[in-house]
$ cat coords-v1.txt   # compact mmCIF, C-alpha atoms
# COMPACT_ATOMS: atom_id res chain seq x y z
CA MET E 222 24.73 41.41 -11.69
CA SER E 223 26.89 43.17 -14.29
CA VAL E 224 25.05 45.03 -17.04
CA THR E 225 26.77 46.53 -20.09
CA ALA E 226 25.04 48.82 -22.58
CA PHE E 227 26.44 49.16 -26.10
CA THR E 228 25.22 52.52 -27.39
CA ASN E 229 25.57 54.52 -30.61
CA ALA E 230 25.98 51.49 -32.87
CA THR E 231 24.36 49.99 -35.93
CA LEU E 232 23.40 46.46 -34.91
CA ILE E 233 23.98 43.75 -37.54
CA CYS E 234 22.11 40.52 -36.78
CA PRO E 235 21.63 37.56 -39.14
CA VAL E 236 18.11 37.13 -37.74
CA GLY E 237 17.06 40.67 -36.79
CA GLY E 238 18.60 42.52 -39.72
CA GLU E 239 20.34 45.89 -39.64
CA ILE E 240 19.10 48.14 -36.82
CA LYS E 241 20.21 51.71 -36.16
CA GLY E 242 19.78 53.74 -33.02
CA GLN E 243 19.10 50.97 -30.49
CA THR E 244 21.16 50.07 -27.45
CA LEU E 245 22.24 46.44 -27.03
CA LEU E 246 22.12 45.22 -23.42
CA VAL E 247 24.33 42.48 -22.00
CA GLU E 248 24.00 40.98 -18.53
CA ASP E 249 26.56 38.60 -17.05
CA GLY E 250 27.92 37.71 -20.48
CA VAL E 251 24.52 37.07 -22.10
CA ILE E 252 22.58 39.31 -24.49
CA THR E 253 19.31 40.40 -22.89
CA GLY E 254 17.90 42.53 -25.71
CA THR E 255 17.69 46.19 -26.65
CA GLY E 256 16.30 49.15 -24.75
CA ASP E 257 17.14 52.07 -22.51
CA VAL E 258 20.39 52.16 -20.55
CA PRO E 259 19.68 50.83 -17.02
CA GLU E 260 20.87 52.77 -14.02
CA GLY E 261 24.36 51.69 -13.00
CA ALA E 262 25.17 49.98 -16.28
CA THR E 263 28.60 50.16 -17.85
CA VAL E 264 28.20 52.15 -21.07
CA ILE E 265 30.31 51.44 -24.16
CA ASP E 266 29.96 54.11 -26.85
CA CYS E 267 30.44 52.40 -30.20
CA GLY E 268 31.08 55.66 -32.01
CA GLY E 269 28.56 55.06 -34.77
CA LYS E 270 30.29 51.89 -35.97
CA MET E 271 28.76 48.44 -36.56
CA LEU E 272 28.23 45.87 -33.82
CA ALA E 273 27.78 42.27 -34.96
CA PRO E 274 28.23 38.71 -33.68
CA GLY E 275 31.86 37.66 -33.41
CA ILE E 276 33.01 35.49 -36.30
CA VAL E 277 32.87 31.69 -35.97
CA ASP E 278 35.61 30.47 -38.31
CA LEU E 279 34.86 26.92 -39.45
CA GLY E 280 37.74 24.86 -40.82
CA VAL E 281 40.90 26.34 -39.26
CA PHE E 282 44.11 24.32 -39.40
CA LYS E 283 46.14 26.18 -36.77
CA VAL E 284 45.29 27.79 -33.43
CA ASP E 285 46.44 31.38 -33.87
CA ARG E 286 44.99 33.56 -31.14
CA ALA E 287 46.59 36.85 -32.16
CA ALA E 288 45.45 36.45 -35.76
CA CYS E 289 41.92 35.61 -34.62
CA ARG E 290 41.78 38.69 -32.39
CA ALA E 291 42.90 40.87 -35.30
CA GLY E 292 40.28 39.31 -37.54
CA GLY E 293 37.28 39.53 -35.19
CA ILE E 294 37.11 35.77 -34.66
CA VAL E 295 35.87 34.50 -31.28
CA ARG E 296 35.41 30.78 -32.05
CA ILE E 297 37.08 28.37 -34.42
CA GLY E 298 36.22 24.92 -35.71
CA LEU E 299 39.65 23.27 -35.54
CA MET E 300 40.40 20.72 -38.24
CA PRO E 301 41.61 17.27 -37.15
CA ASP E 302 44.89 17.60 -39.09
CA GLN E 303 46.96 18.41 -36.01
CA SER E 304 50.03 16.84 -34.46
CA PRO E 305 48.91 14.52 -32.99
CA VAL E 306 45.76 13.96 -35.02
CA LEU E 307 42.49 14.71 -33.20
CA ASP E 308 41.43 11.06 -33.00
CA ASP E 309 41.94 10.55 -29.26
CA PRO E 310 39.76 11.96 -26.44
CA GLY E 311 42.74 13.27 -24.49
CA VAL E 312 44.07 15.17 -27.50
CA VAL E 313 40.61 16.50 -28.30
CA GLN E 314 40.09 17.71 -24.73
CA ARG E 315 43.42 19.54 -24.65
CA ALA E 316 42.65 21.22 -27.97
CA ALA E 317 39.25 22.37 -26.69
CA LEU E 318 40.74 24.10 -23.66
CA ILE E 319 43.97 25.75 -24.83
CA GLY E 320 42.41 28.92 -26.24
CA ARG E 321 40.08 29.89 -23.40
CA PRO E 322 38.86 32.32 -22.25
CA ASP E 323 39.69 34.57 -25.21
CA LEU E 324 39.21 32.08 -28.04
CA TRP E 325 36.90 29.07 -27.87
CA ILE E 326 38.21 26.15 -29.87
CA HIS E 327 35.69 23.59 -31.09
CA PRO E 328 37.65 20.54 -32.24
CA ILE E 329 36.55 18.58 -35.29
CA ALA E 330 37.47 14.99 -34.46
CA ALA E 331 39.04 12.74 -37.08
CA ALA E 332 36.52 10.47 -38.78
CA THR E 333 39.12 7.72 -39.17
CA ARG E 334 42.14 6.79 -37.09
CA SER E 335 45.15 8.94 -37.97
CA LEU E 336 43.05 10.28 -40.86
CA ALA E 337 44.18 7.22 -42.79
CA GLY E 338 40.75 6.59 -44.30
CA THR E 339 40.48 2.97 -43.19
CA ASP E 340 39.43 2.33 -39.56
CA LEU E 341 36.75 4.44 -37.90
CA ALA E 342 37.90 6.61 -35.00
CA GLU E 343 36.16 6.57 -31.61
CA MET E 344 33.75 9.35 -32.48
CA ALA E 345 31.46 8.99 -29.48
CA VAL E 346 34.32 9.16 -26.98
CA CYS E 347 35.84 12.17 -28.77
CA ILE E 348 32.47 13.94 -28.65
CA SER E 349 32.30 13.42 -24.89
CA ALA E 350 35.77 15.04 -24.73
CA GLY E 351 34.58 18.19 -26.49
CA ALA E 352 34.54 17.55 -30.25
CA LYS E 353 31.67 19.24 -32.08
CA ALA E 354 31.82 17.42 -35.43
CA VAL E 355 33.88 14.81 -37.27
CA GLY E 356 35.88 15.37 -40.41
CA THR E 357 38.00 13.79 -43.10
CA GLY E 358 40.66 16.50 -42.77
CA ARG E 359 42.63 17.66 -45.78
CA GLY E 360 42.02 14.39 -47.59
CA TRP E 361 39.16 12.44 -49.16
CA ILE E 362 38.13 9.01 -47.89
CA ALA E 363 38.60 6.91 -51.01
CA ASP E 364 36.94 3.76 -49.67
CA THR E 365 33.20 4.19 -50.21
CA GLY E 366 32.41 1.53 -47.61
CA VAL E 367 34.39 3.41 -44.97
CA MET E 368 32.70 6.71 -45.84
CA HIS E 369 29.30 5.02 -45.63
CA ARG E 370 30.13 3.76 -42.14
CA VAL E 371 31.43 7.20 -41.11
CA LEU E 372 28.19 8.87 -42.16
CA ALA E 373 26.00 6.17 -40.61
CA TYR E 374 27.85 6.30 -37.28
CA ALA E 375 27.91 10.10 -37.20
CA GLY E 376 24.23 10.17 -38.10
CA ASP E 377 23.40 7.95 -35.13
CA LEU E 378 25.34 10.37 -32.90
CA GLY E 379 23.65 13.44 -34.40
CA LEU E 380 26.95 14.82 -35.67
CA THR E 381 27.85 16.63 -38.86
CA VAL E 382 30.52 15.07 -41.06
CA ILE E 383 32.83 17.71 -42.55
CA SER E 384 34.36 16.39 -45.75
CA HIS E 385 37.05 17.41 -48.21
CA ALA E 386 35.78 16.99 -51.76
CA GLU E 387 38.51 15.94 -54.20
CA ASP E 388 38.63 12.50 -55.76
CA GLY E 389 42.05 11.25 -54.72
CA GLY E 390 42.44 9.10 -57.82
CA LEU E 391 42.38 12.20 -60.00
CA ALA E 392 43.87 14.81 -57.68
CA ALA E 393 46.52 12.82 -55.76
CA ASP E 394 49.61 14.40 -57.33
CA ALA E 395 48.00 17.56 -58.71
CA VAL E 396 48.97 21.05 -57.56
CA ALA E 397 46.72 23.04 -59.92
CA THR E 398 43.47 22.86 -61.86
CA GLU E 399 43.72 21.49 -65.38
CA GLY E 400 43.55 24.31 -67.89
CA GLU E 401 45.51 26.94 -69.76
CA THR E 402 47.46 28.27 -66.77
CA ALA E 403 48.58 24.84 -65.55
CA SER E 404 49.56 23.81 -69.07
CA ARG E 405 51.55 26.98 -69.69
CA LEU E 406 53.43 26.54 -66.41
CA GLY E 407 53.88 22.80 -66.81
CA LEU E 408 52.27 22.04 -63.44
CA PRO E 409 50.80 18.65 -62.48
CA SER E 410 47.06 19.24 -62.63
CA ALA E 411 43.70 17.58 -62.14
CA PRO E 412 40.42 18.31 -63.92
CA ALA E 413 37.86 20.30 -61.96
CA ILE E 414 35.55 17.28 -62.17
CA ALA E 415 37.63 15.71 -59.37
CA GLU E 416 35.59 17.87 -57.02
CA SER E 417 32.14 17.08 -58.40
CA LEU E 418 32.86 13.34 -58.49
CA ALA E 419 33.69 13.41 -54.78
CA ILE E 420 30.67 15.57 -53.98
CA ALA E 421 28.29 13.33 -55.92
CA ARG E 422 29.39 10.20 -54.06
CA ASP E 423 29.23 11.78 -50.62
CA LEU E 424 25.82 13.33 -51.32
CA MET E 425 24.42 9.93 -52.30
CA LEU E 426 25.82 8.38 -49.13
CA ALA E 427 24.43 11.21 -47.00
CA GLU E 428 21.02 10.77 -48.61
CA GLU E 429 21.15 7.02 -48.00
CA THR E 430 22.14 7.32 -44.33
CA GLY E 431 20.20 10.49 -43.46
CA ALA E 432 23.38 11.98 -41.97
CA LYS E 433 24.32 15.65 -41.90
CA LEU E 434 27.10 16.47 -44.35
CA HIS E 435 29.09 19.70 -44.64
CA ILE E 436 31.41 19.99 -47.62
CA ARG E 437 34.05 22.39 -46.36
CA GLN E 438 34.90 23.91 -49.72
CA VAL E 439 32.93 23.79 -52.94
CA THR E 440 34.68 25.69 -55.73
CA THR E 441 33.29 24.55 -59.10
CA ALA E 442 30.12 25.26 -61.06
CA SER E 443 29.28 21.55 -61.33
CA GLY E 444 29.81 21.15 -57.59
CA PHE E 445 27.34 23.92 -56.81
CA ASP E 446 24.78 22.39 -59.17
CA LEU E 447 25.03 19.11 -57.26
CA ILE E 448 24.57 20.89 -53.92
CA ARG E 449 21.51 22.78 -55.18
CA ALA E 450 19.88 19.61 -56.46
CA ALA E 451 20.60 17.74 -53.22
CA LYS E 452 19.11 20.51 -51.11
CA ARG E 453 15.95 20.43 -53.22
CA ARG E 454 15.69 16.69 -52.51
CA GLY E 455 15.97 17.31 -48.79
CA VAL E 456 19.49 16.00 -48.27
CA LYS E 457 20.98 17.41 -45.04
CA VAL E 458 23.91 19.11 -46.75
CA THR E 459 25.63 22.45 -46.30
CA CYS E 460 28.74 23.79 -47.97
CA GLY E 461 31.40 26.44 -47.52
CA ILE E 462 34.02 28.39 -49.41
CA THR E 463 36.96 30.71 -48.69
CA PRO E 464 37.43 34.29 -49.91
CA ALA E 465 40.37 33.14 -52.04
CA HIS E 466 38.09 31.06 -54.26
CA LEU E 467 35.64 33.96 -54.50
CA HIS E 468 38.14 36.65 -55.47
CA LEU E 469 40.98 34.82 -57.24
CA SER E 470 41.19 32.51 -60.24
CA ASP E 471 44.01 30.19 -61.30
CA ILE E 472 45.65 33.15 -63.04
CA ALA E 473 46.94 34.06 -59.55
CA VAL E 474 49.47 31.19 -59.72
CA THR E 475 51.16 32.75 -62.75
CA ASP E 476 54.90 33.21 -62.18
CA PHE E 477 54.70 30.18 -59.86
CA ARG E 478 53.35 32.21 -56.92
CA THR E 479 53.43 29.62 -54.15
CA TYR E 480 51.35 31.85 -51.85
CA ALA E 481 48.49 31.08 -54.25
CA ARG E 482 48.97 27.32 -53.97
CA LEU E 483 45.85 26.22 -52.12
CA SER E 484 43.84 23.08 -51.48
CA PRO E 485 41.59 22.74 -53.40
CA PRO E 486 43.54 24.66 -56.05
CA LEU E 487 42.26 27.91 -57.52
CA ARG E 488 39.81 27.39 -60.38
CA ASP E 489 39.22 29.09 -63.71
CA GLU E 490 37.26 32.30 -64.04
CA SER E 491 33.97 30.63 -64.97
CA ASP E 492 34.05 28.61 -61.74
CA ARG E 493 34.87 31.73 -59.74
CA GLN E 494 31.84 33.48 -61.21
CA ALA E 495 29.74 30.41 -60.37
CA ALA E 496 30.99 30.62 -56.78
CA LEU E 497 29.92 34.26 -56.51
CA ALA E 498 26.49 33.33 -57.88
CA ALA E 499 26.22 30.48 -55.36
CA VAL E 500 26.86 32.91 -52.51
CA ALA E 501 24.23 35.29 -53.84
CA ASP E 502 21.52 32.64 -54.33
CA GLY E 503 22.02 30.98 -50.93
CA THR E 504 23.69 27.77 -52.10
CA VAL E 505 26.80 28.57 -50.05
CA ASP E 506 26.15 28.39 -46.29
CA VAL E 507 29.53 29.27 -44.77
CA ILE E 508 32.47 31.52 -45.57
CA GLY E 509 35.59 30.52 -43.65
CA SER E 510 39.17 31.72 -43.72
CA GLY E 511 40.75 28.33 -44.36
CA HIS E 512 43.49 29.64 -42.06
CA ASP E 513 46.54 27.47 -42.72
CA PRO E 514 49.67 29.61 -42.28
CA HIS E 515 53.07 28.39 -43.45
CA GLY E 516 56.47 29.98 -42.97
CA PRO E 517 59.01 30.72 -45.72
CA GLU E 518 60.65 27.33 -45.29
CA SER E 519 57.41 25.74 -46.57
CA LYS E 520 56.42 28.33 -49.17
CA ARG E 521 59.63 29.62 -50.74
CA LEU E 522 60.17 26.43 -52.68
CA PRO E 523 59.44 25.25 -56.22
CA PHE E 524 55.67 25.37 -56.71
CA VAL E 525 55.28 21.59 -56.75
CA ASP E 526 57.21 21.24 -53.46
CA ALA E 527 55.56 24.11 -51.56
CA GLU E 528 52.87 23.42 -48.96
CA ALA E 529 49.28 24.21 -49.88
CA GLY E 530 47.48 26.74 -47.71
CA MET E 531 47.28 30.41 -46.76
CA ALA E 532 46.99 32.65 -43.72
CA GLY E 533 43.40 33.86 -43.83
CA ALA E 534 42.15 34.83 -40.37
CA GLU E 535 43.13 38.50 -40.55
CA THR E 536 41.65 39.08 -44.01
CA LEU E 537 38.41 37.11 -43.68
CA LEU E 538 36.26 40.11 -42.69
CA PRO E 539 37.44 42.66 -45.27
CA LEU E 540 37.46 40.16 -48.13
CA ALA E 541 33.96 38.99 -47.19
CA LEU E 542 32.74 42.60 -46.98
CA MET E 543 33.58 42.96 -50.68
CA LEU E 544 30.48 40.84 -51.36
CA VAL E 545 28.34 43.46 -49.60
CA ARG E 546 29.92 46.39 -51.41
CA ASP E 547 29.35 44.60 -54.71
CA GLU E 548 25.67 44.22 -53.67
CA ARG E 549 25.72 40.44 -53.94
CA ILE E 550 24.49 39.99 -50.36
CA THR E 551 23.37 42.13 -47.41
CA LEU E 552 25.28 42.66 -44.17
CA PRO E 553 22.89 40.47 -42.14
CA ARG E 554 23.28 37.70 -44.73
CA LEU E 555 27.07 38.09 -44.53
CA PHE E 556 27.00 37.45 -40.79
CA ALA E 557 24.82 34.41 -41.31
CA LEU E 558 27.68 33.11 -43.47
CA LEU E 559 30.37 34.16 -40.97
CA ALA E 560 28.72 33.44 -37.62
CA LEU E 561 25.23 31.89 -37.52
CA ASN E 562 25.60 29.10 -40.09
CA PRO E 563 29.05 27.92 -38.92
CA SER E 564 27.57 27.73 -35.42
CA LYS E 565 24.72 25.56 -36.69
CA VAL E 566 27.13 23.16 -38.40
CA LEU E 567 28.98 22.76 -35.09
CA GLY E 568 25.80 22.51 -33.02
CA LEU E 569 26.44 25.78 -31.15
CA ASP E 570 23.73 28.11 -29.88
CA THR E 571 25.38 31.37 -30.88
CA GLY E 572 26.02 33.60 -33.89
CA THR E 573 23.23 36.18 -33.50
CA LEU E 574 22.35 39.19 -31.35
CA GLU E 575 19.13 37.62 -30.07
CA PRO E 576 18.31 37.65 -26.35
CA GLY E 577 19.72 34.66 -24.52
CA LYS E 578 22.74 34.26 -26.81
CA PRO E 579 26.33 34.57 -25.56
CA ALA E 580 27.64 38.12 -25.84
CA ASP E 581 30.31 37.25 -28.41
CA LEU E 582 30.50 40.60 -30.14
CA MET E 583 32.61 42.41 -32.71
CA LEU E 584 32.71 46.16 -33.28
CA PHE E 585 33.94 46.90 -36.78
CA ASP E 586 34.39 49.73 -39.25
CA ALA E 587 33.14 48.50 -42.62
CA ASP E 588 34.73 51.41 -44.48
CA LYS E 589 38.22 51.47 -42.93
CA PRO E 590 40.71 51.28 -45.84
CA TRP E 591 43.99 49.42 -45.50
CA MET E 592 46.51 47.47 -47.51
CA VAL E 593 47.04 43.75 -46.90
CA SER E 594 50.65 43.16 -45.88
CA GLY E 595 51.72 39.65 -44.99
CA ASP E 596 54.75 41.03 -43.19
CA ALA E 597 52.44 42.75 -40.68
CA PHE E 598 50.36 39.63 -39.93
CA ALA E 599 50.28 38.22 -36.43
CA SER E 600 50.74 34.79 -38.04
CA ALA E 601 52.92 33.66 -40.92
CA GLY E 602 52.20 36.05 -43.77
CA ASN E 603 51.65 33.64 -46.64
CA THR E 604 48.68 35.33 -48.29
CA PRO E 605 47.93 35.56 -52.01
CA PHE E 606 46.30 38.93 -51.22
CA ASP E 607 49.60 40.60 -50.24
CA GLY E 608 49.47 44.22 -51.45
CA PHE E 609 45.71 44.02 -52.04
CA PRO E 610 43.68 47.15 -51.02
CA VAL E 611 40.70 46.28 -48.80
CA GLN E 612 38.12 47.95 -46.57
CA GLY E 613 36.88 46.83 -43.18
CA ARG E 614 38.57 46.32 -39.81
CA ALA E 615 37.59 44.73 -36.52
CA LEU E 616 37.98 47.45 -33.86
CA ARG E 617 37.03 45.72 -30.59
CA LEU E 618 36.06 42.20 -29.59
CA TRP E 619 34.13 40.71 -26.66
CA LYS E 620 33.87 37.07 -25.60
CA ALA E 621 30.90 36.38 -23.31
CA GLY E 622 30.74 40.10 -22.56
CA ARG E 623 34.42 40.37 -21.58
CA GLU E 624 36.57 42.49 -23.84
CA ILE E 625 39.50 40.75 -25.50
CA HIS E 626 42.55 43.01 -25.68
$ encode --input "coords-v1.txt" --output "structure tokens"
Amino acid sequence: MSVTAFTNATLICPVGGEIKGQTLLVEDGVITGTGDVPEGATVIDCGGKMLAPGIVDLGVFKVDRAACRAGGIVRIGLMPDQSPVLDDPGVVQRAALIGRPDLWIHPIAAATRSLAGTDLAEMAVCISAGAKAVGTGRGWIADTGVMHRVLAYAGDLGLTVISHAEDGGLAADAVATEGETASRLGLPSAPAIAESLAIARDLMLAEETGAKLHIRQVTTASGFDLIRAAKRRGVKVTCGITPAHLHLSDIAVTDFRTYARLSPPLRDESDRQAALAAVADGTVDVIGSGHDPHGPESKRLPFVDAEAGMAGAETLLPLALMLVRDERITLPRLFALLALNPSKVLGLDTGTLEPGKPADLMLFDADKPWMVSGDAFASAGNTPFDGFPVQGRALRLWKAGREIH
């Protein structure tokens, strides 16, 4: 049996907290605990840096192995918006296997055929092919009857439904949030209530069916209020957000900056502050990159014509660490948001440093300063954080105890 001892590290565990001066032991790709270095073990000196669970990035739109390695990501929840759509067991199975052994891809199967929002997809068959959840993709299912059937069927299968929360009747042609910035730029916009309307309906359906619902991005104060109230009532709901909606407001689209065109669009400053408060008080369960890279042919266009989305895998860790430096959350809580909770949504038994868990590990330097440069990204460099000074870098990465180079 192969034993590896990780010494001279500060261990960061969502369950165990922050622990200094203990050696983490791994045997045959599985964490066995902490203790003395066994005779004959392979010793990895962590140089006083931090050792944490590898990131589980929930809600990724493109498989980008190099970007994930650079960002400390060992698993991704792949959105169904692929070509072809993840609504067929053969397509789902191929998606689940293409990243191994370095990157484990957990497909999110389409809730409806071709993501059209009308006919239910074969969820059960897709699950047997490797899907870990079902989702509505980039769009909202407008037909309430269809969404009710999606939640009921998924609930019978024990699956989480991952939904996009924007009322299509209000947000269909919008590229920005209604407000001063959109008006000044003359951009088609939708009121922020488009999000809370969608959330309210889906929460009521989830409560009715007893299904598990994960709203991939909640970005408005009214949306967070709805989530809080639903959790108090015992609704099985979780929600996520991206660093962009935590650190940027709609002012970032000034001068028609297409790299800041996102879905959902950036909100006003009061909603951004509400998002930071929701992270601090535990309303937000997951922070994901929303990794959706686009090349210049899709972004260097008039704002209305440009694709929505950003490359986020390589900046997820440093942008999330800003929440710790600002004393909004602790490091263990951060890795619950980045690793443990995304794993729970996908039904995975990973995301901590507890004995018996897979040795999916990331060694990182929380204080390493660097400047975000889209030109240096392993993926397309469409990031609204280009030129932004950050701190925190993944240094080394292990998947099931095997180092990823």
$ residues_around --input "coords-v1.txt" --residues "Leu558 in chain E" --least-positions-apart "5" --cutoff "7 Å" --atoms "all atoms listed in the file" --output "ChimeraX atom specification"
/E:506-508
$ atom_distance --input "coords-v1.txt" --atom1 "CA of His435 in chain E" --atom2 "CA of His466 in chain E"
17.4 Å
$ residues_near_point --input "coords-v1.txt" --point "(24.6, 31.9, -49.6)" --cutoff "9 Å" --atoms "all atoms listed in the file" --output "PyMOL selection string"
chain E and resi 461+498-508+550+554-555+557-558
$ write_last_selection --input "coords-v1.txt" --atoms "C-alpha atoms" --output "PDB file, keeping the file's coordinate frame"
ATOM      1  CA  GLY E 461      31.400  26.440 -47.520  1.00  0.00           C
ATOM      2  CA  ALA E 498      26.490  33.330 -57.880  1.00  0.00           C
ATOM      3  CA  ALA E 499      26.220  30.480 -55.360  1.00  0.00           C
ATOM      4  CA  VAL E 500      26.860  32.910 -52.510  1.00  0.00           C
ATOM      5  CA  ALA E 501      24.230  35.290 -53.840  1.00  0.00           C
ATOM      6  CA  ASP E 502      21.520  32.640 -54.330  1.00  0.00           C
ATOM      7  CA  GLY E 503      22.020  30.980 -50.930  1.00  0.00           C
ATOM      8  CA  THR E 504      23.690  27.770 -52.100  1.00  0.00           C
ATOM      9  CA  VAL E 505      26.800  28.570 -50.050  1.00  0.00           C
ATOM     10  CA  ASP E 506      26.150  28.390 -46.290  1.00  0.00           C
ATOM     11  CA  VAL E 507      29.530  29.270 -44.770  1.00  0.00           C
ATOM     12  CA  ILE E 508      32.470  31.520 -45.570  1.00  0.00           C
ATOM     13  CA  ILE E 550      24.490  39.990 -50.360  1.00  0.00           C
ATOM     14  CA  ARG E 554      23.280  37.700 -44.730  1.00  0.00           C
ATOM     15  CA  LEU E 555      27.070  38.090 -44.530  1.00  0.00           C
ATOM     16  CA  ALA E 557      24.820  34.410 -41.310  1.00  0.00           C
ATOM     17  CA  LEU E 558      27.680  33.110 -43.470  1.00  0.00           C
TER      18      LEU E 558
END
$ atom_distance --input "coords-v1.txt" --atom1 "CA of Leu447 in chain E" --atom2 "CA of Ala403 in chain E"
25.6 Å
$ atom_distance --input "coords-v1.txt" --atom1 "CA of Asp471 in chain E" --atom2 "CA of Ser491 in chain E"
10.7 Å
$ residues_around --input "coords-v1.txt" --residues "Ile625 in chain E" --least-positions-apart "3" --cutoff "8 Å" --atoms "all atoms listed in the file" --output "PyMOL selection string"
chain E and resi 290+323+617-620
$ residues_near_point --input "coords-v1.txt" --point "(25.1, 51.1, -27.6)" --cutoff "6 Å" --atoms "all atoms listed in the file" --output "PyMOL selection string"
chain E and resi 226-230+244-245+266
$ residues_around --input "coords-v1.txt" --residues "Ser510 in chain E" --least-positions-apart "4" --cutoff "7 Å" --atoms "all atoms listed in the file" --output "PyMOL selection string"
chain E and resi 278+463-464+533-534+537
$ residues_around --input "coords-v1.txt" --residues "Thr475 in chain E" --least-positions-apart "5" --cutoff "12 Å" --atoms "only C-alpha atoms" --output "list in words"
Ala397, Glu401, Thr402, Ala403, Ser404, Arg405, Leu406, Gly407, Leu408, Leu469, Ser470, Tyr480, Ala481, Arg482, Leu487, Phe524 and Pro605 of chain E
$ write_last_selection --input "coords-v1.txt" --atoms "C-alpha atoms" --output "PDB file, in the frame of the given file"
ATOM      1  CA  ALA E 397      46.720  23.040 -59.920  1.00  0.00           C
ATOM      2  CA  GLU E 401      45.510  26.940 -69.760  1.00  0.00           C
ATOM      3  CA  THR E 402      47.460  28.270 -66.770  1.00  0.00           C
ATOM      4  CA  ALA E 403      48.580  24.840 -65.550  1.00  0.00           C
ATOM      5  CA  SER E 404      49.560  23.810 -69.070  1.00  0.00           C
ATOM      6  CA  ARG E 405      51.550  26.980 -69.690  1.00  0.00           C
ATOM      7  CA  LEU E 406      53.430  26.540 -66.410  1.00  0.00           C
ATOM      8  CA  GLY E 407      53.880  22.800 -66.810  1.00  0.00           C
ATOM      9  CA  LEU E 408      52.270  22.040 -63.440  1.00  0.00           C
ATOM     10  CA  LEU E 469      40.980  34.820 -57.240  1.00  0.00           C
ATOM     11  CA  SER E 470      41.190  32.510 -60.240  1.00  0.00           C
ATOM     12  CA  TYR E 480      51.350  31.850 -51.850  1.00  0.00           C
ATOM     13  CA  ALA E 481      48.490  31.080 -54.250  1.00  0.00           C
ATOM     14  CA  ARG E 482      48.970  27.320 -53.970  1.00  0.00           C
ATOM     15  CA  LEU E 487      42.260  27.910 -57.520  1.00  0.00           C
ATOM     16  CA  PHE E 524      55.670  25.370 -56.710  1.00  0.00           C
ATOM     17  CA  PRO E 605      47.930  35.560 -52.010  1.00  0.00           C
TER      18      PRO E 605
END
$ residues_around --input "coords-v1.txt" --residues "range 440-444 of chain E" --least-positions-apart "6" --cutoff "8 Å" --atoms "all atoms listed in the file" --output "list in words"
Ala413, Ile414, Glu416, Ser417, Ile420, Ile462, His466, Pro485, Arg488, Ser491, Asp492, Arg493, Ala495 and Ala496 of chain E
$ closest_residue --input "coords-v1.txt" --among "E:Ala587, E:Leu372, E:Leu574, E:Leu378" --to "Arg546 in chain E" --atoms "only C-alpha atoms"
E:Ala587
$ closest_residue --input "coords-v1.txt" --among "E:Cys289, E:Val284, E:Ala373, E:Ile294" --to "Ala316 in chain E" --atoms "all atoms listed in the file"
E:Val284
$ closest_residue --input "coords-v1.txt" --among "E:Thr381, E:Ser349, E:Ser600, E:Thr536" --to "Gly293 in chain E" --atoms "all atoms listed in the file"
E:Thr536
$ closest_residue --input "coords-v1.txt" --among "E:Ala560, E:Phe609, E:Val313, E:Phe598" --to "His468 in chain E" --atoms "only C-alpha atoms"
E:Phe609
$ closest_residue --input "coords-v1.txt" --among "E:Leu424, E:Ile472, E:Leu246, E:Ala615" --to "Arg449 in chain E" --atoms "all atoms listed in the file"
E:Leu424
$ closest_residue --input "coords-v1.txt" --among "E:Val545, E:Ala287, E:Ile383, E:Val474" --to "Arg437 in chain E" --atoms "only C-alpha atoms"
E:Ile383
$ axis_aligned_box --input "coords-v1.txt" --around "range 323-331 of chain E" --padding-each-side "8 Å" --output "AutoDock Vina command-line options"
--center_x 37.7 --center_y 23.7 --center_z -31.1 --size_x 20.0 --size_y 37.8 --size_z 27.9
$ decode --input "coords-v1.txt" --residues "range 571-579 of chain E" --atoms "N, CA and C atoms" --output "PDB file, in the first residue's frame"
ATOM      1  N   THR E 571     -17.372  13.951  -0.914  1.00  0.00           N
ATOM      2  CA  THR E 571     -16.037  14.542  -0.962  1.00  0.00           C
ATOM      3  C   THR E 571     -16.140  15.986  -0.484  1.00  0.00           C
ATOM      4  N   GLY E 572     -15.031  16.720  -0.556  1.00  0.00           N
ATOM      5  CA  GLY E 572     -15.060  18.133  -0.199  1.00  0.00           C
ATOM      6  C   GLY E 572     -14.539  18.472   1.175  1.00  0.00           C
ATOM      7  N   THR E 573     -14.013  17.472   1.931  1.00  0.00           N
ATOM      8  CA  THR E 573     -13.427  17.733   3.239  1.00  0.00           C
ATOM      9  C   THR E 573     -12.111  16.965   3.353  1.00  0.00           C
ATOM     10  N   LEU E 574     -11.433  17.170   4.476  1.00  0.00           N
ATOM     11  CA  LEU E 574     -10.196  16.438   4.772  1.00  0.00           C
ATOM     12  C   LEU E 574     -10.439  15.339   5.800  1.00  0.00           C
ATOM     13  N   GLU E 575     -11.669  14.896   5.940  1.00  0.00           N
ATOM     14  CA  GLU E 575     -11.998  13.853   6.911  1.00  0.00           C
ATOM     15  C   GLU E 575     -11.480  12.493   6.452  1.00  0.00           C
ATOM     16  N   PRO E 576     -11.177  11.609   7.396  1.00  0.00           N
ATOM     17  CA  PRO E 576     -10.768  10.249   7.028  1.00  0.00           C
ATOM     18  C   PRO E 576     -11.837   9.558   6.193  1.00  0.00           C
ATOM     19  N   GLY E 577     -11.383   8.822   5.195  1.00  0.00           N
ATOM     20  CA  GLY E 577     -12.285   8.106   4.314  1.00  0.00           C
ATOM     21  C   GLY E 577     -12.673   8.868   3.063  1.00  0.00           C
ATOM     22  N   LYS E 578     -12.335  10.147   2.986  1.00  0.00           N
ATOM     23  CA  LYS E 578     -12.678  10.947   1.809  1.00  0.00           C
ATOM     24  C   LYS E 578     -11.581  10.816   0.749  1.00  0.00           C
ATOM     25  N   PRO E 579     -11.938  10.997  -0.519  1.00  0.00           N
ATOM     26  CA  PRO E 579     -10.909  10.964  -1.570  1.00  0.00           C
ATOM     27  C   PRO E 579      -9.868  12.055  -1.332  1.00  0.00           C
TER      28      PRO E 579
END
